[in-house]
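A.B. asks: What follows is the file start-v5.csv, containing CSV, C-alpha atoms and all ligand atoms:
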chain,number,residue,atom,x,y,z
A,14,MET,CA,184.8,-25.6,25.7
A,15,ARG,CA,186.1,-24.7,22.2
A,16,VAL,CA,186.5,-21.0,21.4
A,17,LEU,CA,187.3,-19.5,18.0
A,18,VAL,CA,189.5,-16.5,18.5
A,19,VAL,CA,189.5,-14.0,15.6
A,20,SER,CA,191.1,-10.6,15.1
A,21,ASP,CA,191.3,-8.0,12.4
A,22,VAL,CA,188.4,-9.5,10.3
A,23,HIS,CA,188.4,-6.2,8.5
A,24,ALA,CA,185.1,-6.5,6.8
A,25,ASN,CA,186.2,-9.6,4.8
A,26,LEU,CA,183.2,-11.9,4.9
A,27,ALA,CA,184.6,-14.6,2.7
A,28,ALA,CA,187.6,-15.0,5.1
A,29,LEU,CA,185.3,-14.9,8.2
A,30,GLU,CA,183.0,-17.6,6.8
A,31,ALA,CA,186.0,-19.7,5.9
A,32,VAL,CA,187.4,-19.6,9.5
A,33,LEU,CA,184.0,-20.3,11.0
A,34,ARG,CA,183.6,-23.3,8.7
A,35,ASP,CA,187.1,-24.6,9.4
A,36,ALA,CA,186.7,-24.2,13.2
A,37,ARG,CA,183.6,-26.4,13.1
A,38,THR,CA,185.3,-29.2,11.2
A,39,GLY,CA,187.1,-29.9,14.5
A,40,GLY,CA,183.9,-30.0,16.6
A,41,ALA,CA,181.3,-27.6,18.0
A,42,ILE,CA,182.3,-24.0,18.8
A,43,ASP,CA,181.0,-22.7,22.2
A,44,ALA,CA,182.1,-19.1,21.8
A,45,VAL,CA,183.7,-16.6,19.4
A,46,TRP,CA,186.0,-13.9,20.7
A,47,SER,CA,186.8,-10.9,18.4
A,48,LEU,CA,189.9,-8.9,19.3
A,49,GLY,CA,189.0,-5.7,17.3
A,50,ASP,CA,189.0,-4.3,13.8
A,51,CYS,CA,186.1,-6.4,12.6
A,52,VAL,CA,185.4,-3.4,10.2
A,53,GLY,CA,187.7,-1.2,8.1
A,54,TYR,CA,189.6,-1.9,4.8
A,55,GLY,CA,187.2,-4.6,3.5
A,56,PRO,CA,184.0,-4.4,1.6
A,57,GLN,CA,181.4,-5.9,4.0
A,58,PRO,CA,181.5,-4.2,7.4
A,59,GLY,CA,177.8,-4.5,8.3
A,60,ASP,CA,177.7,-8.2,7.1
A,61,CYS,CA,180.7,-9.1,9.2
A,62,MET,CA,179.2,-7.4,12.2
A,63,SER,CA,175.9,-9.3,11.9
A,64,ARG,CA,177.7,-12.6,11.1
A,65,LEU,CA,179.7,-12.2,14.3
A,66,ASN,CA,176.6,-11.1,16.3
A,67,ASP,CA,174.9,-14.3,15.0
A,68,GLU,CA,177.6,-16.3,16.7
A,69,GLY,CA,177.1,-14.4,20.0
A,70,THR,CA,180.6,-13.0,19.7
A,71,ALA,CA,182.3,-11.2,22.7
A,72,PHE,CA,183.9,-8.1,21.1
A,73,VAL,CA,186.6,-5.7,22.1
A,74,ALA,CA,187.1,-2.5,20.0
A,75,GLY,CA,190.1,-1.7,17.8
A,76,ASN,CA,191.2,1.5,16.2
A,77,HIS,CA,189.0,0.9,13.2
A,78,GLU,CA,185.8,0.5,15.2
A,79,ARG,CA,186.6,3.8,17.0
A,80,ALA,CA,187.5,5.6,13.8
A,81,ALA,CA,184.4,4.3,11.9
A,82,THR,CA,182.1,6.0,14.4
A,83,GLY,CA,184.2,9.2,14.6
A,84,ALA,CA,185.1,8.4,18.2
A,85,ILE,CA,188.8,8.9,17.3
A,86,SER,CA,190.1,11.1,14.5
A,87,VAL,CA,191.4,9.7,11.2
A,88,ASP,CA,194.4,12.0,11.3
A,89,ASP,CA,196.7,9.2,12.5
A,90,PHE,CA,195.7,6.9,9.7
A,91,ASN,CA,197.7,6.5,6.5
A,92,PRO,CA,195.9,7.8,3.3
A,93,ASP,CA,194.6,4.4,2.2
A,94,ALA,CA,193.4,3.5,5.7
A,95,ARG,CA,191.7,6.9,6.0
A,96,ALA,CA,189.9,6.4,2.7
A,97,ALA,CA,188.7,3.0,3.9
A,98,VAL,CA,187.5,4.4,7.2
A,99,LEU,CA,185.5,7.1,5.5
A,100,TRP,CA,184.0,4.6,3.1
A,101,THR,CA,183.1,2.3,6.1
A,102,ALA,CA,181.6,5.1,8.1
A,103,ASP,CA,179.4,5.9,5.1
A,104,CYS,CA,178.2,2.2,4.9
A,105,LEU,CA,177.3,1.7,8.5
A,106,THR,CA,173.8,2.4,10.0
A,107,ALA,CA,173.3,4.4,13.2
A,108,ASP,CA,172.5,1.2,15.0
A,109,GLU,CA,175.7,-0.5,13.8
A,110,LYS,CA,177.8,2.6,14.9
A,111,ALA,CA,176.1,2.5,18.3
A,112,SER,CA,177.1,-1.2,18.7
A,113,LEU,CA,180.7,-0.4,17.7
A,114,ASP,CA,180.8,2.4,20.2
A,115,ALA,CA,179.4,0.1,22.9
A,116,MET,CA,182.4,-2.3,22.5
A,117,PRO,CA,184.8,-2.2,25.5
A,118,GLU,CA,188.5,-1.7,25.0
A,119,THR,CA,189.3,-4.7,27.2
A,120,ARG,CA,187.4,-7.6,28.7
A,121,ILE,CA,187.9,-10.8,30.5
A,122,GLU,CA,186.3,-14.0,29.2
A,123,ALA,CA,186.1,-17.5,30.6
A,124,GLU,CA,187.7,-16.2,33.8
A,125,HIS,CA,191.3,-16.5,32.7
A,126,PHE,CA,191.6,-14.7,29.4
A,127,SER,CA,192.2,-10.9,28.9
A,128,LEU,CA,191.1,-9.7,25.5
A,129,VAL,CA,192.5,-6.4,23.9
A,130,HIS,CA,193.2,-5.1,20.4
A,131,GLY,CA,196.7,-3.6,21.0
A,132,THR,CA,198.1,-3.9,24.5
A,133,LEU,CA,196.8,-3.4,28.0
A,134,ARG,CA,199.2,-0.4,28.1
A,135,TRP,CA,197.6,1.3,25.1
A,136,PRO,CA,194.5,-0.8,24.1
A,137,ILE,CA,193.6,0.7,20.8
A,138,TRP,CA,197.0,1.7,19.3
A,139,GLU,CA,200.1,-0.1,20.6
A,140,TYR,CA,201.5,-2.9,18.5
A,141,LEU,CA,202.7,-5.9,20.5
A,142,TYR,CA,205.6,-6.5,18.3
A,143,SER,CA,208.6,-6.9,20.7
A,144,ALA,CA,209.7,-8.5,23.9
A,145,GLU,CA,209.6,-5.0,25.5
A,146,ALA,CA,206.0,-4.4,24.6
A,147,GLY,CA,205.1,-8.0,25.6
A,148,ALA,CA,206.7,-7.5,29.1
A,149,ALA,CA,204.9,-4.2,29.6
A,150,HIS,CA,201.6,-5.8,28.5
A,151,LEU,CA,202.0,-8.9,30.7
A,152,GLY,CA,202.9,-6.8,33.7
A,153,LEU,CA,199.4,-5.3,33.4
A,154,GLN,CA,197.6,-8.6,32.6
A,155,GLU,CA,195.8,-9.8,35.7
A,156,THR,CA,194.8,-13.1,34.2
A,157,PRO,CA,197.3,-15.9,33.3
A,158,PHE,CA,196.4,-15.8,29.6
A,159,GLY,CA,195.5,-13.2,27.1
A,160,PHE,CA,194.8,-12.5,23.4
A,161,CYS,CA,195.6,-9.4,21.4
A,162,GLY,CA,195.5,-8.5,17.7
A,163,HIS,CA,196.4,-5.3,15.7
A,164,THR,CA,199.7,-6.4,14.2
A,165,HIS,CA,198.1,-8.9,11.8
A,166,VAL,CA,200.9,-11.3,12.5
A,167,PRO,CA,200.5,-14.5,14.6
A,168,ALA,CA,202.8,-14.5,17.7
A,169,ILE,CA,203.1,-15.3,21.4
A,170,ALA,CA,204.8,-13.4,24.2
A,171,SER,CA,205.5,-15.2,27.5
A,172,LEU,CA,207.0,-14.0,30.8
A,173,ASP,CA,210.3,-15.7,31.0
A,174,ALA,CA,212.9,-14.7,33.7
A,175,GLY,CA,215.7,-16.2,31.5
A,176,ALA,CA,214.9,-14.1,28.4
A,177,PRO,CA,216.3,-10.6,27.8
A,178,GLY,CA,213.9,-8.1,29.3
A,179,GLY,CA,212.0,-10.9,31.0
A,180,CYS,CA,209.9,-11.8,28.0
A,181,ASP,CA,210.1,-14.3,25.2
A,182,PHE,CA,208.5,-13.1,22.0
A,183,ARG,CA,208.1,-15.3,18.9
A,184,GLY,CA,206.0,-16.0,15.8
A,185,LEU,CA,203.4,-18.8,15.6
A,186,ALA,CA,203.1,-21.1,12.5
A,187,ASP,CA,200.1,-22.8,11.0
A,188,GLY,CA,199.1,-25.8,13.1
A,189,GLN,CA,201.3,-24.9,16.0
A,190,SER,CA,199.8,-25.6,19.5
A,191,VAL,CA,200.7,-23.8,22.7
A,192,SER,CA,200.0,-25.5,26.0
A,193,LEU,CA,198.6,-23.2,28.6
A,194,ASP,CA,200.3,-23.3,32.0
A,195,PRO,CA,198.7,-21.1,34.7
A,196,GLY,CA,202.2,-20.6,36.1
A,197,THR,CA,203.4,-18.8,32.9
A,198,LYS,CA,201.7,-15.6,31.8
A,199,VAL,CA,201.2,-15.5,28.0
A,200,VAL,CA,199.5,-13.3,25.5
A,201,ILE,CA,198.8,-14.8,22.0
A,202,ASN,CA,198.1,-12.9,18.8
A,203,PRO,CA,196.0,-15.1,16.4
A,204,GLY,CA,196.9,-13.1,13.4
A,205,SER,CA,194.4,-11.5,11.1
A,206,VAL,CA,191.4,-13.1,9.5
A,207,GLY,CA,190.7,-10.5,6.8
A,208,GLN,CA,194.1,-9.0,6.0
A,209,PRO,CA,197.1,-11.1,7.0
A,210,ARG,CA,200.5,-9.4,6.9
A,211,ASP,CA,203.1,-12.2,7.3
A,212,ASP,CA,203.5,-13.0,3.6
A,213,ASP,CA,200.9,-15.8,3.9
A,214,PRO,CA,197.5,-14.7,2.4
A,215,ARG,CA,195.5,-17.4,4.1
A,216,ALA,CA,193.1,-16.2,6.9
A,217,SER,CA,194.6,-16.6,10.3
A,218,CYS,CA,192.8,-17.5,13.6
A,219,ALA,CA,193.2,-19.5,16.8
A,220,ILE,CA,191.2,-22.2,18.6
A,221,TYR,CA,191.3,-22.4,22.4
A,222,ASP,CA,190.3,-25.9,23.7
A,223,SER,CA,189.7,-26.0,27.5
A,224,GLU,CA,189.9,-29.8,27.5
A,225,THR,CA,193.5,-29.9,26.3
A,226,GLN,CA,194.3,-26.5,27.8
A,227,SER,CA,195.9,-25.5,24.5
A,228,VAL,CA,195.6,-22.8,21.8
A,229,THR,CA,196.2,-23.9,18.2
A,230,LEU,CA,196.9,-21.5,15.3
A,231,ARG,CA,195.0,-22.2,12.1
A,232,ARG,CA,195.6,-20.9,8.6
A,233,VAL,CA,192.6,-21.2,6.3
A,234,GLU,CA,192.3,-20.7,2.5
A,235,TYR,CA,189.4,-18.6,1.3
A,236,ASP,CA,188.2,-17.1,-2.0
A,237,ILE,CA,190.4,-14.0,-2.0
A,238,GLY,CA,189.2,-13.0,-5.5
A,239,SER,CA,185.6,-12.6,-4.4
A,240,THR,CA,186.5,-10.1,-1.7
A,241,GLN,CA,188.8,-8.2,-4.1
A,242,ARG,CA,186.0,-8.0,-6.7
A,243,LEU,CA,183.7,-6.4,-4.1
A,244,MET,CA,186.5,-4.0,-3.1
A,245,GLU,CA,186.9,-3.0,-6.8
A,246,GLU,CA,183.1,-2.4,-7.1
A,247,ALA,CA,183.3,-0.2,-4.0
A,248,ASP,CA,186.3,1.7,-5.5
A,249,LEU,CA,188.4,1.0,-2.4
A,250,PRO,CA,192.2,1.9,-2.6
A,251,ARG,CA,194.1,-0.3,-5.1
A,252,TRP,CA,196.8,-1.2,-2.5
A,253,LEU,CA,194.2,-2.5,-0.1
A,254,ILE,CA,192.9,-4.8,-2.8
A,255,GLU,CA,196.3,-6.0,-4.0
A,256,ARG,CA,197.8,-6.7,-0.5
A,257,LEU,CA,195.2,-9.5,0.1
A,258,SER,CA,196.8,-11.7,-2.6
A,259,GLU,CA,200.2,-11.1,-1.1
A,260,GLY,CA,199.4,-11.4,2.6
A,261,ARG,CA,201.2,-8.2,3.5
B,1,ZN,ZN,193.7,-4.2,12.0
For this file, write the structure as structure tokens.

C.D. replies:
Amino acid sequence: MRVLVVSDVHANLAALEAVLRDARTGGAIDAVWSLGDCVGYGPQPGDCMSRLNDEGTAFVAGNHERAATGAISVDDFNPDARAAVLWTADCLTADEKASLDAMPETRIEAEHFSLVHGTLRWPIWEYLYSAEAGAAHLGLQETPFGFCGHTHVPAIASLDAGAPGGCDFRGLADGQSVSLDPGTKVVINPGSVGQPRDDDPRASCAIYDSETQSVTLRRVEYDIGSTQRLMEEADLPRWLIERLSEGR
């Protein structure tokens, strides 16, 4: 099976369409897994939800799903993020909010993959940005493999007795493939589709291929200007528009 793994789509439909198209250039896609924050920041929350639903996507919730429905308070969001959450909440229908609320915080797919937005220690909020957070997450991960999002930066954490703190944490580059070995617990962050933050504005995602037992990171160009124009029409905060061109 081939699985497209997306995270932090952030209501950016042009970026989402681009990664779906790119994934299919390598063959059929049997599943799509979304690691949270499919809404928030961007101009097309409902369209991204329905596009992902069309693909039969398995979702977990991120902080933006929870904030958009009022399930968590926006007090912990910075002012731009808060403005975007309130705009998103205004756009979404009652049915869309109900389906956001129904998304679990963690799930296991294809038997061996734990999916979560942040970490298994703190599913909605914790950034897996260090070997320490990676070790804590992997200690709680009951499957050999996992995927997380939230940082908007592609990376991998693996249990490694020889590494300081027992965990190796490093970034992942475009085209890089990771071989999955059931004897080594790993968690992989595919980066962000709709708002990358590693100084590369291209959409980021990963493909899991069960035949080769590998995960490959993909960076995909998309029409950034079309999303920015929609954000301008919606009067979304200036920095949220500008950062898409910079990838940060
Ligand atoms: Zn996010």

A.B. asks: Collect all residues with atoms no farther than 6 Å from ligand ZN 1 (chain B), counting all atoms listed in the file, and output them as a PyMOL selection string.

C.D. replies: chain A and resi 21+50+163

A.B. asks: So how far away is CA of Gln226 in chain A from CA of Ala31 in chain A, in Å?

C.D. replies: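 Distance reported for this atom pair: 24.4 Å.
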
A.B. asks: Find the residues near Pro177 in chain A: any atom within 12 Å, counting only C-alpha atoms, skip ones fewer than 2 places away on the same chain, and give them as a PyMOL selection string.

C.D. replies: chain A and resi 143-145+147-148+171-175+179-182

A.B. asks: Can you pull out the residues contacting Arg215 in chain A? Cut-off 9 Å, using only C-alpha atoms, and skip same-chain residues under 6 positions away; I want them as a list of chain:residue names.

C.D. replies: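 Counting only the stated atoms, we get A:Ala28, A:Val206, A:Gly207, A:Gln208, A:Pro209, A:Arg232, A:Val233, A:Glu234, A:Tyr235, A:Ile237, A:Leu257, A:Ser258, A:Gly260.
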
A.B. asks: For the selection you just gave me, I'd like the residues written to a file as an mmCIF file, in the coordinates of the input, keeping C-alpha atoms.

C.D. replies:
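Generated file (out14.cif):
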data_model
loop_
_atom_site.group_PDB
_atom_site.id
_atom_site.type_symbol
_atom_site.label_atom_id
_atom_site.label_comp_id
_atom_site.auth_asym_id
_atom_site.auth_seq_id
_atom_site.Cartn_x
_atom_site.Cartn_y
_atom_site.Cartn_z
ATOM 1 C CA ALA A 28 187.600 -15.000 5.100
ATOM 2 C CA VAL A 206 191.400 -13.100 9.500
ATOM 3 C CA GLY A 207 190.700 -10.500 6.800
ATOM 4 C CA GLN A 208 194.100 -9.000 6.000
ATOM 5 C CA PRO A 209 197.100 -11.100 7.000
ATOM 6 C CA ARG A 232 195.600 -20.900 8.600
ATOM 7 C CA VAL A 233 192.600 -21.200 6.300
ATOM 8 C CA GLU A 234 192.300 -20.700 2.500
ATOM 9 C CA TYR A 235 189.400 -18.600 1.300
ATOM 10 C CA ILE A 237 190.400 -14.000 -2.000
ATOM 11 C CA LEU A 257 195.200 -9.500 0.100
ATOM 12 C CA SER A 258 196.800 -11.700 -2.600
ATOM 13 C CA GLY A 260 199.400 -11.400 2.600
#

A.B. asks: Can you work out which one of A:Asp43, A:Asp114, A:Asp222, A:Glu122 has the shortest atom-to-atom distance to Arg79 in chain A, counting all atoms listed in the file?

C.D. replies: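 Of all the options, A:Asp114 lies closest to Arg79 in chain A.
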
A.B. asks: Would you please work out which residue, of A:Leu128, A:Thr197, A:Pro92, A:Asn66, is nearest to Ser112 in chain A when using only C-alpha atoms?

C.D. replies: A:Asn66
